[in-house]
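With compact mmCIF, C-alpha atoms and all ligand atoms inside, this is model33.txt:
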```txt
# COMPACT_ATOMS: atom_id res chain seq x y z
CA MET V 29 -3.05 -115.06 23.68
CA GLU V 30 -2.15 -116.60 20.35
CA LYS V 31 -4.01 -115.10 17.39
CA ILE V 32 -5.71 -117.59 15.19
CA SER V 33 -6.89 -116.74 11.72
CA GLN V 34 -10.60 -117.56 11.61
CA ARG V 35 -10.28 -118.29 7.90
CA ARG V 36 -7.85 -121.14 8.53
CA LEU V 37 -9.60 -122.51 11.57
CA GLU V 38 -11.70 -125.63 10.98
CA THR V 39 -14.31 -126.50 13.56
CA ARG V 40 -16.55 -129.53 13.94
CA VAL V 41 -18.81 -130.94 16.64
CA VAL V 42 -17.52 -134.01 18.50
CA GLU V 43 -20.28 -136.63 18.99
CA ASP V 44 -20.82 -138.27 22.38
CA SER V 45 -19.84 -141.69 21.03
CA GLU V 46 -16.46 -140.28 19.98
CA ARG V 47 -15.94 -138.79 23.38
CA LEU V 48 -16.46 -142.17 24.99
CA ALA V 49 -14.04 -143.81 22.57
CA VAL V 50 -11.28 -141.40 23.53
CA GLN V 51 -12.25 -141.55 27.20
CA LYS V 52 -10.42 -144.82 27.63
CA GLU V 53 -7.30 -143.92 25.69
CA ASN V 54 -6.98 -140.54 27.42
CA LEU V 55 -7.33 -142.07 30.87
CA ALA V 56 -3.70 -143.08 30.94
CA ASP V 57 -2.67 -139.45 30.64
CA GLU V 58 -4.24 -138.42 33.87
CA SER V 59 -4.44 -141.58 35.87
CA ILE V 60 -2.58 -143.75 38.29
CA ASP V 61 -2.06 -146.09 35.32
CA TYR V 62 1.11 -144.27 34.31
CA PHE V 63 2.63 -145.09 37.64
CA ASP V 64 4.84 -147.79 36.12
CA VAL V 65 6.79 -149.72 38.73
CA GLU V 66 7.78 -152.44 36.24
CA LYS V 67 9.50 -149.83 34.08
CA LEU V 68 11.30 -148.48 37.13
CA LYS V 69 12.52 -151.96 37.97
CA ALA V 70 13.79 -152.42 34.42
CA ASP V 71 15.50 -149.02 34.52
CA PHE V 72 17.17 -149.94 37.75
CA ALA V 73 18.24 -153.36 36.48
CA SER V 74 19.92 -151.84 33.43
CA TYR V 75 21.54 -149.20 35.59
CA ASN V 76 22.70 -151.96 37.93
CA GLN V 77 24.34 -153.85 35.06
CA GLU V 78 26.21 -150.82 33.83
CA LYS V 79 27.75 -149.98 37.16
CA GLU V 80 29.92 -152.36 39.10
CA ARG V 81 29.74 -150.47 42.33
CA ILE V 82 26.24 -149.27 42.97
CA ASP V 83 26.08 -145.67 43.89
CA ARG V 84 22.39 -145.20 44.51
CA ALA V 85 22.24 -141.43 44.61
CA PRO V 86 22.91 -140.91 40.86
CA PHE V 87 20.15 -143.37 40.03
CA TRP V 88 17.66 -141.29 41.93
CA ARG V 89 19.06 -138.07 40.61
CA ASN V 90 18.67 -139.37 37.03
CA LEU V 91 15.16 -140.42 37.82
CA ILE V 92 14.27 -137.01 39.12
CA GLN V 93 15.85 -135.24 36.18
CA ASP V 94 14.39 -137.52 33.54
CA LYS V 95 11.38 -135.65 32.19
CA ARG V 96 11.28 -137.42 28.84
CA THR V 97 8.35 -139.63 29.67
CA ARG V 98 5.29 -138.96 31.74
CA THR V 99 5.82 -142.39 33.24
CA LEU V 100 8.42 -140.91 35.49
CA ALA V 101 6.30 -137.99 36.62
CA ASN V 102 4.92 -139.84 39.61
CA GLU V 103 8.09 -141.56 40.60
CA ASP V 104 9.78 -138.21 40.23
CA ARG V 105 7.54 -136.75 42.89
CA LEU V 106 7.54 -139.81 45.09
CA SER V 107 11.28 -140.23 45.11
CA ALA V 108 11.72 -136.52 45.68
CA ILE V 109 9.41 -136.70 48.65
CA PHE V 110 11.40 -139.50 50.13
CA TYR V 111 14.84 -138.27 49.36
CA SER V 112 14.38 -134.64 50.07
CA TYR V 113 11.27 -133.23 51.67
CA LYS V 114 12.72 -129.78 51.57
CA GLU V 115 13.87 -129.82 47.99
CA PHE V 116 10.55 -131.23 46.91
CA SER V 117 8.56 -128.52 48.59
CA GLU V 118 10.72 -125.93 46.85
CA LEU V 119 10.27 -127.54 43.44
CA SER V 120 6.58 -128.20 43.72
CA ASP V 121 3.69 -126.01 44.70
CA TYR V 122 3.29 -127.97 47.91
CA THR V 123 4.36 -126.29 51.13
CA ASP V 124 6.21 -128.31 53.78
CA GLU V 125 3.01 -128.32 55.76
CA GLU V 126 0.93 -129.65 52.90
CA LEU V 127 3.49 -132.33 52.20
CA LEU V 128 3.00 -133.55 55.72
CA HIS V 129 -0.77 -133.27 55.40
CA PRO V 130 -2.46 -136.56 56.26
CA HIS V 131 -3.88 -137.00 52.77
CA VAL V 132 -0.45 -136.74 51.24
CA THR V 133 1.62 -138.88 53.57
CA LYS V 134 -0.93 -141.15 55.21
CA PHE V 135 -1.27 -143.68 52.44
CA LEU V 136 2.44 -143.93 51.87
CA TRP V 137 3.00 -144.50 55.58
CA GLN V 138 0.15 -146.97 55.66
CA THR V 139 1.77 -148.80 52.77
CA ILE V 140 5.14 -148.78 54.50
CA LEU V 141 3.75 -149.92 57.84
CA ASN V 142 1.80 -152.77 56.24
CA SER V 143 4.69 -153.82 54.03
CA GLN V 144 5.52 -157.53 54.14
CA ASN V 145 9.00 -156.90 52.84
CA PRO V 146 11.50 -158.73 55.13
CA TYR V 147 13.71 -155.64 55.32
CA ILE V 148 10.81 -153.52 56.63
CA ILE V 149 9.62 -156.25 58.99
CA LYS V 150 13.13 -156.51 60.44
CA LEU V 151 13.40 -152.72 60.77
CA LYS V 152 10.06 -152.62 62.57
CA SER V 153 11.11 -155.36 64.99
CA GLU V 154 14.21 -153.37 65.87
CA HIS V 155 12.36 -150.17 66.72
CA LYS V 156 9.32 -149.14 68.68
CA GLU V 157 6.54 -147.76 66.47
CA ASN V 158 7.42 -144.07 66.71
CA PHE V 159 11.11 -144.74 66.36
CA PHE V 160 10.49 -146.85 63.29
CA GLU V 161 9.29 -143.76 61.43
CA VAL V 162 12.42 -141.87 62.46
CA ALA V 163 14.65 -144.80 61.51
CA PHE V 164 12.93 -145.13 58.16
CA LEU V 165 13.24 -141.43 57.34
CA ASN V 166 16.91 -141.50 58.35
CA LEU V 167 17.51 -144.34 55.90
CA LEU V 168 15.83 -142.30 53.20
CA LYS V 169 17.75 -139.16 53.97
CA SER V 170 21.07 -140.99 54.04
CA GLU V 171 20.02 -142.73 50.78
CA THR V 172 20.79 -146.13 52.27
CA LEU V 173 17.36 -147.71 51.93
CA PRO V 174 17.72 -150.53 49.39
CA ILE V 175 16.04 -149.45 46.16
CA GLU V 176 14.41 -152.88 45.79
CA VAL V 177 12.55 -152.23 49.06
CA TRP V 178 11.44 -148.81 47.84
CA LEU V 179 10.19 -150.27 44.55
CA GLU V 180 8.17 -152.86 46.43
CA ILE V 181 6.60 -150.09 48.53
CA LEU V 182 5.73 -148.19 45.33
CA GLN V 183 4.06 -151.32 43.94
CA ASP V 184 2.04 -151.77 47.15
CA TYR V 185 1.05 -148.10 47.03
CA LYS V 186 -0.08 -148.50 43.44
CA ASN V 187 -2.15 -151.54 44.42
CA LEU V 188 -3.81 -149.49 47.17
CA LEU V 189 -4.80 -146.81 44.64
CA SER V 190 -6.12 -149.39 42.16
CA GLU V 191 -8.21 -151.04 44.85
CA SER V 192 -9.78 -147.68 45.82
CA ASP V 193 -10.35 -146.89 42.14
CA ARG V 194 -12.28 -150.14 41.78
CA LYS V 195 -14.31 -149.40 44.94
CA ILE V 196 -15.38 -145.90 43.94
CA GLY V 197 -16.23 -147.15 40.43
CA GLU V 198 -18.60 -149.68 41.99
CA MET V 199 -20.23 -146.98 44.10
CA ALA V 200 -20.68 -144.55 41.16
CA PRO V 201 -24.18 -145.63 39.93
CA LYS V 202 -25.67 -145.23 43.44
CA ILE V 203 -23.98 -141.85 43.95
CA HIS V 204 -25.29 -140.61 40.58
CA GLU V 205 -28.85 -141.62 41.53
CA GLN V 206 -28.52 -139.71 44.80
CA VAL V 207 -27.24 -136.65 42.92
CA ALA V 208 -30.22 -136.88 40.54
CA ASP V 209 -32.71 -137.12 43.45
CA ASP V 210 -31.11 -134.23 45.34
CA PHE V 211 -30.93 -132.13 42.17
CA ILE V 212 -34.67 -132.54 41.58
CA GLU V 213 -35.48 -131.73 45.20
CA ARG V 214 -33.04 -128.86 45.83
CA ILE V 215 -32.00 -127.26 42.50
CA ASN V 216 -34.99 -127.76 40.21
CA PRO V 217 -37.33 -125.47 42.23
CA ASP V 218 -35.05 -122.53 41.25
CA LEU V 219 -34.96 -123.40 37.54
CA GLU V 220 -37.39 -122.24 34.91
CA THR V 221 -36.46 -125.16 32.64
CA LYS V 222 -36.21 -128.13 34.99
CA LEU V 223 -33.95 -131.11 34.35
CA THR V 224 -35.65 -134.50 34.45
CA ARG V 225 -34.24 -137.46 36.40
CA GLU V 226 -33.61 -139.22 33.05
CA GLN V 227 -31.69 -136.24 31.63
CA ILE V 228 -29.51 -136.03 34.73
CA LEU V 229 -28.77 -139.75 34.86
CA GLN V 230 -28.10 -139.91 31.14
CA LYS V 231 -25.49 -137.16 31.41
CA LEU V 232 -23.87 -138.70 34.49
CA GLN V 233 -24.00 -142.38 33.63
CA ASP V 234 -21.27 -142.44 31.00
CA SER V 235 -18.99 -140.23 33.09
CA LEU V 236 -16.32 -142.16 34.96
CA LEU V 237 -15.73 -141.75 38.69
CA LYS V 238 -12.07 -142.33 39.55
CA ILE V 239 -9.55 -141.84 42.32
CA LYS V 240 -6.83 -139.20 42.25
CA ASP V 241 -3.44 -139.92 43.68
CA PRO V 242 -3.15 -137.42 46.56
CA LEU V 243 0.59 -137.28 45.96
CA ILE V 244 0.05 -135.83 42.52
CA TYR V 245 -2.98 -133.60 42.78
CA LYS V 246 -3.64 -130.94 45.36
CA ASN V 247 -7.29 -130.07 44.94
CA SER V 248 -10.00 -132.42 46.14
CA GLY V 249 -11.77 -133.05 42.82
CA THR V 250 -11.52 -132.54 39.06
CA HIS V 251 -13.75 -133.05 36.05
CA THR V 252 -12.37 -133.32 32.51
CA PRO V 253 -15.21 -132.30 30.16
CA VAL V 254 -13.80 -133.77 26.95
CA THR V 255 -13.41 -137.28 28.37
CA LYS V 256 -16.08 -137.04 31.10
CA VAL V 257 -13.75 -138.28 33.80
CA THR V 258 -14.39 -137.16 37.37
CA ARG V 259 -11.72 -137.66 40.00
CA VAL V 260 -11.78 -137.35 43.77
CA ASN V 261 -8.83 -137.52 46.09
CA LEU V 262 -8.26 -140.79 47.87
CA ASN V 263 -9.11 -140.67 51.54
CA GLN V 264 -9.57 -143.26 54.27
CA ASP V 265 -13.38 -143.28 53.98
CA ILE V 266 -13.36 -144.06 50.27
CA LEU V 267 -10.83 -146.78 50.99
CA ASN V 268 -13.37 -148.24 53.43
CA GLY V 269 -16.14 -147.95 50.82
CA ILE V 270 -17.85 -145.01 52.57
CA ILE V 271 -18.92 -141.74 50.93
CA THR V 272 -18.98 -139.10 53.68
CA PRO V 273 -21.07 -135.90 53.33
CA GLU V 274 -17.84 -134.07 52.43
CA ASN V 275 -16.91 -136.62 49.73
CA TYR V 276 -20.46 -136.35 48.41
CA HIS V 277 -20.19 -132.57 48.27
CA THR V 278 -16.93 -132.83 46.25
CA ILE V 279 -18.55 -135.28 43.83
CA ALA V 280 -21.66 -133.06 43.55
CA HIS V 281 -19.44 -130.10 42.56
CA GLU V 282 -17.72 -132.15 39.83
CA ASN V 283 -21.02 -133.65 38.66
CA LEU V 284 -22.42 -130.14 38.23
CA HIS V 285 -19.53 -129.40 35.85
CA CYS V 286 -20.55 -132.54 33.95
CA LEU V 287 -24.26 -131.57 33.88
CA SER V 288 -23.50 -128.05 32.67
CA THR V 289 -21.05 -128.93 29.87
CA GLY V 290 -22.17 -127.94 26.39
CA GLN V 291 -21.19 -129.26 22.99
CA ILE V 292 -17.61 -130.43 22.51
CA LEU V 293 -15.91 -128.90 19.49
CA GLU V 294 -12.83 -130.03 17.63
CA TYR V 295 -10.58 -127.27 16.31
CA ARG V 296 -7.95 -127.77 13.61
CA PHE V 297 -5.55 -124.99 12.81
CA PRO V 298 -2.07 -124.59 11.30
CA GLY V 299 0.81 -124.59 13.75
CA PHE V 300 4.32 -125.95 14.23
CA ASP V 301 5.82 -128.98 15.94
CA ASP V 302 8.83 -128.95 18.31
CA ASP V 303 11.25 -128.86 15.36
CA ASN V 304 9.41 -125.91 13.80
CA ASN V 305 7.89 -127.97 10.97
CA PRO V 306 4.35 -127.01 9.90
CA LYS V 307 1.76 -129.18 11.57
CA THR V 308 -2.02 -129.20 11.95
CA ILE V 309 -2.87 -128.66 15.60
CA VAL V 310 -5.97 -130.52 16.79
CA GLN V 311 -7.68 -129.37 19.94
CA ARG V 312 -10.91 -130.50 21.57
CA ASP V 313 -12.76 -128.47 24.13
CA ALA V 314 -16.20 -127.78 25.47
CA GLN V 315 -17.73 -124.64 24.00
CA TRP V 316 -19.04 -123.68 27.39
CA ILE V 317 -19.07 -125.24 30.84
CA GLY V 318 -21.74 -123.65 32.99
CA LEU V 319 -20.83 -119.94 32.90
CA ASN V 320 -17.31 -120.53 31.60
CA VAL V 321 -17.41 -119.42 27.96
CA ARG V 322 -14.63 -121.04 25.98
CA ALA V 323 -13.15 -120.57 22.55
CA VAL V 324 -10.04 -122.02 20.99
CA LEU V 325 -7.12 -121.09 23.27
CA ASP V 326 -9.37 -118.78 25.27
CA SER V 327 -11.55 -119.07 28.34
CA LYS V 328 -13.73 -116.44 29.97
CA PHE V 329 -15.52 -116.21 33.33
CA ASN V 330 -13.95 -119.31 34.83
CA TRP V 331 -13.98 -117.65 38.28
CA LEU V 332 -17.71 -116.95 37.91
CA ASN V 333 -18.35 -120.54 36.90
CA GLU V 334 -16.44 -122.00 39.86
CA ALA V 335 -18.14 -119.63 42.32
CA LEU V 336 -21.57 -120.65 41.10
CA THR V 337 -20.69 -124.35 40.86
CA GLU V 338 -19.65 -124.35 44.51
CA ILE V 339 -22.80 -122.47 45.59
CA LEU V 340 -25.01 -124.92 43.67
CA ALA V 341 -23.00 -127.91 44.96
CA SER V 342 -23.62 -126.78 48.52
CA GLN V 343 -27.34 -126.44 47.82
CA LEU V 344 -27.37 -129.91 46.27
CA SER V 345 -25.26 -131.69 48.90
CA ASN V 346 -26.56 -129.76 51.92
CA PHE V 347 -22.90 -129.41 52.96
CA PRO V 348 -21.27 -125.99 53.61
CA PRO V 349 -19.28 -124.62 50.65
CA ASN V 350 -15.58 -125.40 51.12
CA SER V 351 -13.84 -124.26 47.93
CA TYR V 352 -13.49 -121.15 45.73
CA GLN V 353 -14.13 -118.83 48.66
CA SER V 354 -12.53 -115.76 47.01
CA GLU V 355 -14.55 -116.35 43.82
CA ARG V 356 -17.78 -116.59 45.85
CA GLU V 357 -16.93 -113.40 47.75
CA LEU V 358 -16.31 -111.51 44.53
CA LEU V 359 -19.57 -112.74 42.99
CA ASP V 360 -21.43 -111.62 46.11
CA LEU V 361 -19.90 -108.13 45.84
CA ILE V 362 -20.80 -107.86 42.15
CA LEU V 363 -24.41 -108.85 42.77
CA LYS V 364 -24.84 -106.41 45.69
CA ASN V 365 -22.66 -103.37 45.04
CA GLY V 366 -23.96 -101.97 41.76
CA ARG V 367 -26.72 -99.44 41.19
CA LYS V 368 -29.23 -102.29 41.62
CA GLN V 369 -29.12 -105.72 43.26
CA ILE V 370 -28.99 -108.70 40.92
CA ASP V 371 -30.83 -111.93 41.74
CA ILE V 372 -28.43 -114.91 41.77
CA LYS V 373 -31.27 -117.13 40.50
CA ILE V 374 -30.72 -115.59 37.03
CA LEU V 375 -27.27 -117.21 37.12
CA TYR V 376 -28.70 -120.54 38.35
CA ASN V 377 -30.78 -120.61 35.16
CA ALA V 378 -28.00 -119.34 32.91
CA TYR V 379 -25.71 -122.05 34.27
CA PHE V 380 -27.72 -124.89 32.72
CA GLU V 381 -29.03 -123.25 29.53
CA LYS V 382 -27.49 -123.63 26.09
CA LYS V 383 -25.06 -120.88 25.20
CA GLY V 384 -22.75 -119.81 22.39
CA LYS V 385 -23.24 -121.30 18.94
CA GLU V 386 -25.29 -124.12 20.44
CA ALA V 387 -28.09 -121.76 21.39
CA THR V 388 -30.40 -121.01 18.49
CA LYS V 389 -30.50 -117.33 17.71
CA GLY V 390 -33.84 -115.67 18.26
CA GLU V 391 -35.12 -118.54 20.40
CA ASP V 392 -34.83 -119.17 24.11
CA GLY V 393 -31.11 -120.06 23.95
CA HIS V 394 -28.86 -118.18 26.39
CA LYS V 395 -31.91 -116.19 27.50
CA PHE V 396 -30.81 -115.98 31.15
CA TRP V 397 -27.17 -115.37 30.26
CA LYS V 398 -28.34 -112.38 28.19
CA LYS V 399 -30.56 -111.29 31.08
CA PHE V 400 -27.61 -111.45 33.49
CA ARG V 401 -25.47 -109.38 31.11
CA ALA V 402 -28.30 -106.83 30.81
CA GLU V 403 -28.70 -106.60 34.60
CA ILE V 404 -24.95 -106.06 34.95
CA ARG V 405 -25.10 -103.29 32.34
CA GLU V 406 -27.85 -101.58 34.38
CA ALA V 407 -26.12 -102.04 37.73
CA TYR V 408 -22.79 -100.80 36.32
CA ASP V 409 -24.18 -98.44 33.67
CA HIS V 410 -21.05 -96.24 33.57
CA ASP V 411 -19.34 -98.83 31.35
CA PRO V 412 -21.09 -101.25 28.98
CA GLN V 413 -17.92 -103.42 29.04
CA PHE V 414 -17.76 -103.66 32.85
CA LEU V 415 -17.98 -107.47 33.09
CA ILE V 416 -15.51 -108.07 30.26
CA ARG V 417 -13.01 -105.64 31.79
CA LEU V 418 -13.46 -107.28 35.19
CA ASP V 419 -12.75 -110.69 33.66
CA ASP V 420 -9.68 -109.27 31.86
CA LEU V 421 -8.46 -107.75 35.12
CA ILE V 422 -8.81 -111.08 36.93
CA ARG V 423 -6.83 -112.86 34.25
CA GLU V 424 -4.17 -110.13 34.20
CA LYS V 425 -3.83 -109.40 37.92
CA GLY V 426 -5.77 -112.04 39.79
CA LEU V 427 -8.98 -112.14 41.83
CA GLY V 428 -7.55 -109.95 44.60
CA ALA V 429 -7.32 -106.94 42.27
CA ALA V 430 -10.98 -107.26 41.26
CA THR V 431 -12.15 -107.82 44.84
CA ALA V 432 -10.26 -104.74 46.05
CA ILE V 433 -12.06 -102.56 43.46
CA LEU V 434 -15.50 -104.03 44.18
CA LYS V 435 -15.10 -103.79 47.96
CA ASP V 436 -14.73 -100.02 47.79
CA TRP V 437 -17.25 -99.62 44.99
CA ASP V 438 -19.32 -96.43 45.08
CA PRO V 439 -22.21 -96.57 42.57
CA GLU V 440 -22.32 -92.76 42.58
CA ASN V 441 -18.63 -92.57 41.76
CA PRO V 442 -17.90 -95.51 39.46
CA VAL V 443 -14.50 -96.04 37.85
CA ILE V 444 -13.49 -97.59 34.57
CA ILE V 445 -11.46 -100.71 35.32
CA GLU V 446 -7.97 -100.38 33.86
CA THR V 447 -6.68 -103.42 31.99
CA ARG V 448 -4.19 -103.90 29.21
CA SER V 449 -7.08 -104.04 26.76
CA THR V 450 -8.98 -101.07 28.21
CA LYS V 451 -7.84 -98.75 25.46
CA ASP V 452 -7.86 -101.38 22.77
CA GLU V 453 -11.41 -100.79 21.58
CA LYS V 454 -10.87 -102.92 18.49
CA ALA V 455 -9.97 -105.94 20.61
CA LEU V 456 -12.99 -105.23 22.79
CA ALA V 457 -15.26 -105.15 19.76
CA GLU V 458 -13.90 -108.56 18.72
CA VAL V 459 -14.56 -110.04 22.13
CA ARG V 460 -18.05 -108.55 22.14
CA ALA V 461 -18.79 -110.03 18.70
CA LYS V 462 -17.50 -113.45 19.80
CA LEU V 463 -19.59 -113.51 22.96
CA ASN V 464 -22.75 -112.37 21.24
CA SER V 465 -22.43 -114.69 18.26
ZN ZN V 501 -14.95 -126.82 39.84
```

Written as structure tokens, how would this file's structure read?
Ligand SMILES: [Zn+2]
Amino acid sequence: MEKISQRRLETRVVEDSERLAVQKENLADESIDYFDVEKLKADFASYNQEKERIDRAPFWRNLIQDKRTRTLANEDRLSAIFYSYKEFSELSDYTDEELLHPHVTKFLWQTILNSQNPYIIKLKSEHKENFFEVAFLNLLKSETLPIEVWLEILQDYKNLLSESDRKIGEMAPKIHEQVADDFIERINPDLETKLTREQILQKLQDSLLKIKDPLIYKNSGTHTPVTKVTRVNLNQDILNGIITPENYHTIAHENLHCLSTGQILEYRFPGFDDDNNPKTIVQRDAQWIGLNVRAVLDSKFNWLNEALTEILASQLSNFPPNSYQSERELLDLILKNGRKQIDIKILYNAYFEKKGKEATKGEDGHKFWKKFRAEIREAYDHDPQFLIRLDDLIREKGLGAATAILKDWDPENPVIIETRSTKDEKALAEVRAKLNS
């Protein structure tokens, strides 16, 4: 972790209006909007002019290797999928199986099958349906599919994503109202400080609900706190304008991240650009998201936050939890295996309360978070830094290492968790001061 001199670190609070202003300009960075078929066409045209005899393979190879612009990131993946399934699965974190998962390939196939391109229509007429797929893949593998046809398919695919984006955007206000109603009915009874319908809707209404390209993202949903953009993977139901219970559950999970996001801070600190010239680095981040405590270039208890978000999402949506299973297992072990059992409802309350600098000292701020930390100190009283060390261990060695220790936990024979920072008491004192400030 990079050390930042506190003296040279400038911090200011980012107002909501500013967040919304950057929401639009940041969208391009994470959206289907950077899927630029026109640019591809222009690239190909200039390539075409330069070469008398068109050798298509180098064009694709250049495309795949060209990482200069993010514009090519999507085409990079798409072309790799089509020209080498195997190579692609080795380069990416997709397995062969996941590549062939319906969500990943379905919409491309749908686009190809519905294509009105004369070349595709002719190819379809020459083959029975199943053999068309084989014939098409063979053309791709032999790199003999005309690039113009491929570009037209990409454009159609992009249109399909845009259409779904428009549809889910239209459905957003109704979904948000449902989330507010279900929150009041199913989450509020467990909260000491209840959220009102107005508070919930106000937080959700300026968040944007968008589609994720399933070719680019693996997980089913994301929420970006700084820009308040929520994304869900495209699936056939959304394309048909239907939100299934599973879609609703995914959206509920992401909306909970939105509802539990604290103040956004802007950090400015001295750094260097790519050419090693001094440069002021500007970073914006939420100070805390639910139970995830964040500082500049640092983030603690993300696993705890995701575990609880998924548990709360399931309670809200009435749909079985379907993500962050290992995180939920670990949380369960922590709550049960210490010297005393800890009530998860303390975390429900801590999740929505103000924390960090935003909570006023001496008042009710982070009351439940403090209570949870105190309960942990009682349940694991052999080591006042138990939770911090556990979090360090997870970040150093992964969840599995922490789960293994907690599974065999004997309260009568507790162990000190070994991490790189275990012996660094000075570093521990710093972390402690930061968390308690
Ligand atoms: Zn999440």

Near V:Val207, within 12 Å and counting all atoms listed in the file, which residues show up once chain neighbours fewer than 3 positions away are dropped, as a ChimeraX atom specification?
/V:200-204,210-215,225,228-229,231-233,276-284,286-287,340-346

Exercise. Which neighbours of stretch 437-447 of chain V fall inside 8 Å, counting all atoms listed in the file, when residues of the same chain fewer than 2 positions from it are skipped, and could you give them as a list of chain:residue names?
Worked result: V:Asn365, V:Gly366, V:Arg367, V:Tyr408, V:His410, V:Asp411, V:Phe414, V:Arg417, V:Leu418, V:Asp420, V:Leu421, V:Glu424, V:Ile433, V:Leu434, V:Lys435, V:Ser449, V:Thr450

Given all atoms listed in the file as the counted atoms, nearest of V:Ser327, V:Thr252, V:Gln413, V:Asn142 to ligand ZN 501 (chain V) =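 Nearest candidate to ligand ZN 501 (chain V) out of V:Ser327, V:Thr252, V:Gln413, V:Asn142: V:Thr252.
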
TODO: Enter the distance from atom CA of V:Glu381 to atom CA of V:His394, in Å, rounded to one decimal.
DONE: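 Straight-line distance from atom CA of V:Glu381 to atom CA of V:His394 works out to 6.0 Å.
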
Sort by chain and increasing residue number a table of all residues of chain V within 8 Å of ligand ZN 501 (chain V), each with its closest pair of atoms and their distance in Å to one decimal, counting all atoms listed in the file, and write it as a Markdown table.
```
| residue | atom | partner | partner_atom | distance |
| --- | --- | --- | --- | --- |
| V:Gly249 | CA | V:ZN501 | ZN | 7.6 |
| V:Thr250 | CA | V:ZN501 | ZN | 6.7 |
| V:His251 | CA | V:ZN501 | ZN | 7.4 |
| V:His281 | CA | V:ZN501 | ZN | 6.2 |
| V:Glu282 | CA | V:ZN501 | ZN | 6.0 |
| V:His285 | CA | V:ZN501 | ZN | 6.6 |
| V:Asn333 | CA | V:ZN501 | ZN | 7.7 |
| V:Glu334 | CA | V:ZN501 | ZN | 5.0 |
| V:Thr337 | CA | V:ZN501 | ZN | 6.3 |
| V:Glu338 | CA | V:ZN501 | ZN | 7.1 |
```

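Atom to atom, atom CA of V:Lys368 and atom CA of V:Asp436 stand 15.9 Å apart.
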
Between atom CA of V:Gln227 and atom CA of V:Arg312 lies a distance of 23.8 Å

Could you give me, as a compact mmCIF listing (two decimals) with C-alpha atoms, keeping the file's coordinate frame, the residues within 10 Å of V:Trp331, counting all atoms listed in the file and dropping anything in the same chain fewer than 5 positions from it?
```
# COMPACT_ATOMS: atom_id res chain seq x y z
CA LEU V 319 -20.83 -119.94 32.90
CA ASN V 320 -17.31 -120.53 31.60
CA LEU V 336 -21.57 -120.65 41.10
CA THR V 337 -20.69 -124.35 40.86
CA TYR V 352 -13.49 -121.15 45.73
CA SER V 354 -12.53 -115.76 47.01
CA GLU V 355 -14.55 -116.35 43.82
CA ARG V 356 -17.78 -116.59 45.85
CA LEU V 358 -16.31 -111.51 44.53
CA LEU V 359 -19.57 -112.74 42.99
CA ASP V 419 -12.75 -110.69 33.66
CA ILE V 422 -8.81 -111.08 36.93
CA ARG V 423 -6.83 -112.86 34.25
CA LEU V 427 -8.98 -112.14 41.83
```

One residue among V:Leu332, V:Val50, V:Ala378, V:Leu167 is nearest to V:Leu363 when using only C-alpha atoms, and that residue is V:Leu332

Closest of V:Ile339, V:Leu37, V:Ala432, V:Leu219 to V:Phe396, counting all atoms listed in the file, is V:Leu219

- Extract, using only C-alpha atoms, all DNA, RNA and protein residues at most 7 Å from V:Tyr295, discarding same-chain residues fewer than 5 positions from it, and format them as a list in words. Leu37, Glu38, Thr39, Arg40, Val310, Gln311 and Arg312 of chain V

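You can rank V:Ile270, V:Ile416, V:Leu188, V:Val254 by their closest distance to V:Ala49 using only C-alpha atoms, and at the top of that list sits V:Val254.
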
From the options V:Thr258, V:Ala323, V:Gln315, V:Asn350, which residue's atoms come nearest to V:Gln51, counting all atoms listed in the file?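 Of V:Thr258, V:Ala323, V:Gln315, V:Asn350, the one nearest V:Gln51 is V:Thr258, counting all atoms listed in the file.
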
Using all atoms listed in the file, find all polymer residues with an atom at most 6 Å away from the point (-9.8, -136.9, 48.2); report them as an mmCIF file with C-alpha atoms, keeping the file's coordinate frame.
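Printed below is part.cif as written:
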```cif
data_model
loop_
_atom_site.group_PDB
_atom_site.id
_atom_site.type_symbol
_atom_site.label_atom_id
_atom_site.label_comp_id
_atom_site.auth_asym_id
_atom_site.auth_seq_id
_atom_site.Cartn_x
_atom_site.Cartn_y
_atom_site.Cartn_z
ATOM 1 C CA SER V 248 -10.000 -132.420 46.140
ATOM 2 C CA VAL V 260 -11.780 -137.350 43.770
ATOM 3 C CA ASN V 261 -8.830 -137.520 46.090
ATOM 4 C CA LEU V 262 -8.260 -140.790 47.870
ATOM 5 C CA ASN V 263 -9.110 -140.670 51.540
#
```

The residue from V:Asn158, V:Gln264, V:Ile370, V:Lys383 with the smallest atom-to-atom distance to V:Ala314, counting only C-alpha atoms, is V:Lys383

*Spatial neighbours of V:Phe300, max dist 12 Å, all atoms listed in the file, sep filter under 5 positions, as JSON, numbers by chain*: {"V": [305, 306, 307, 308, 309, 310]}
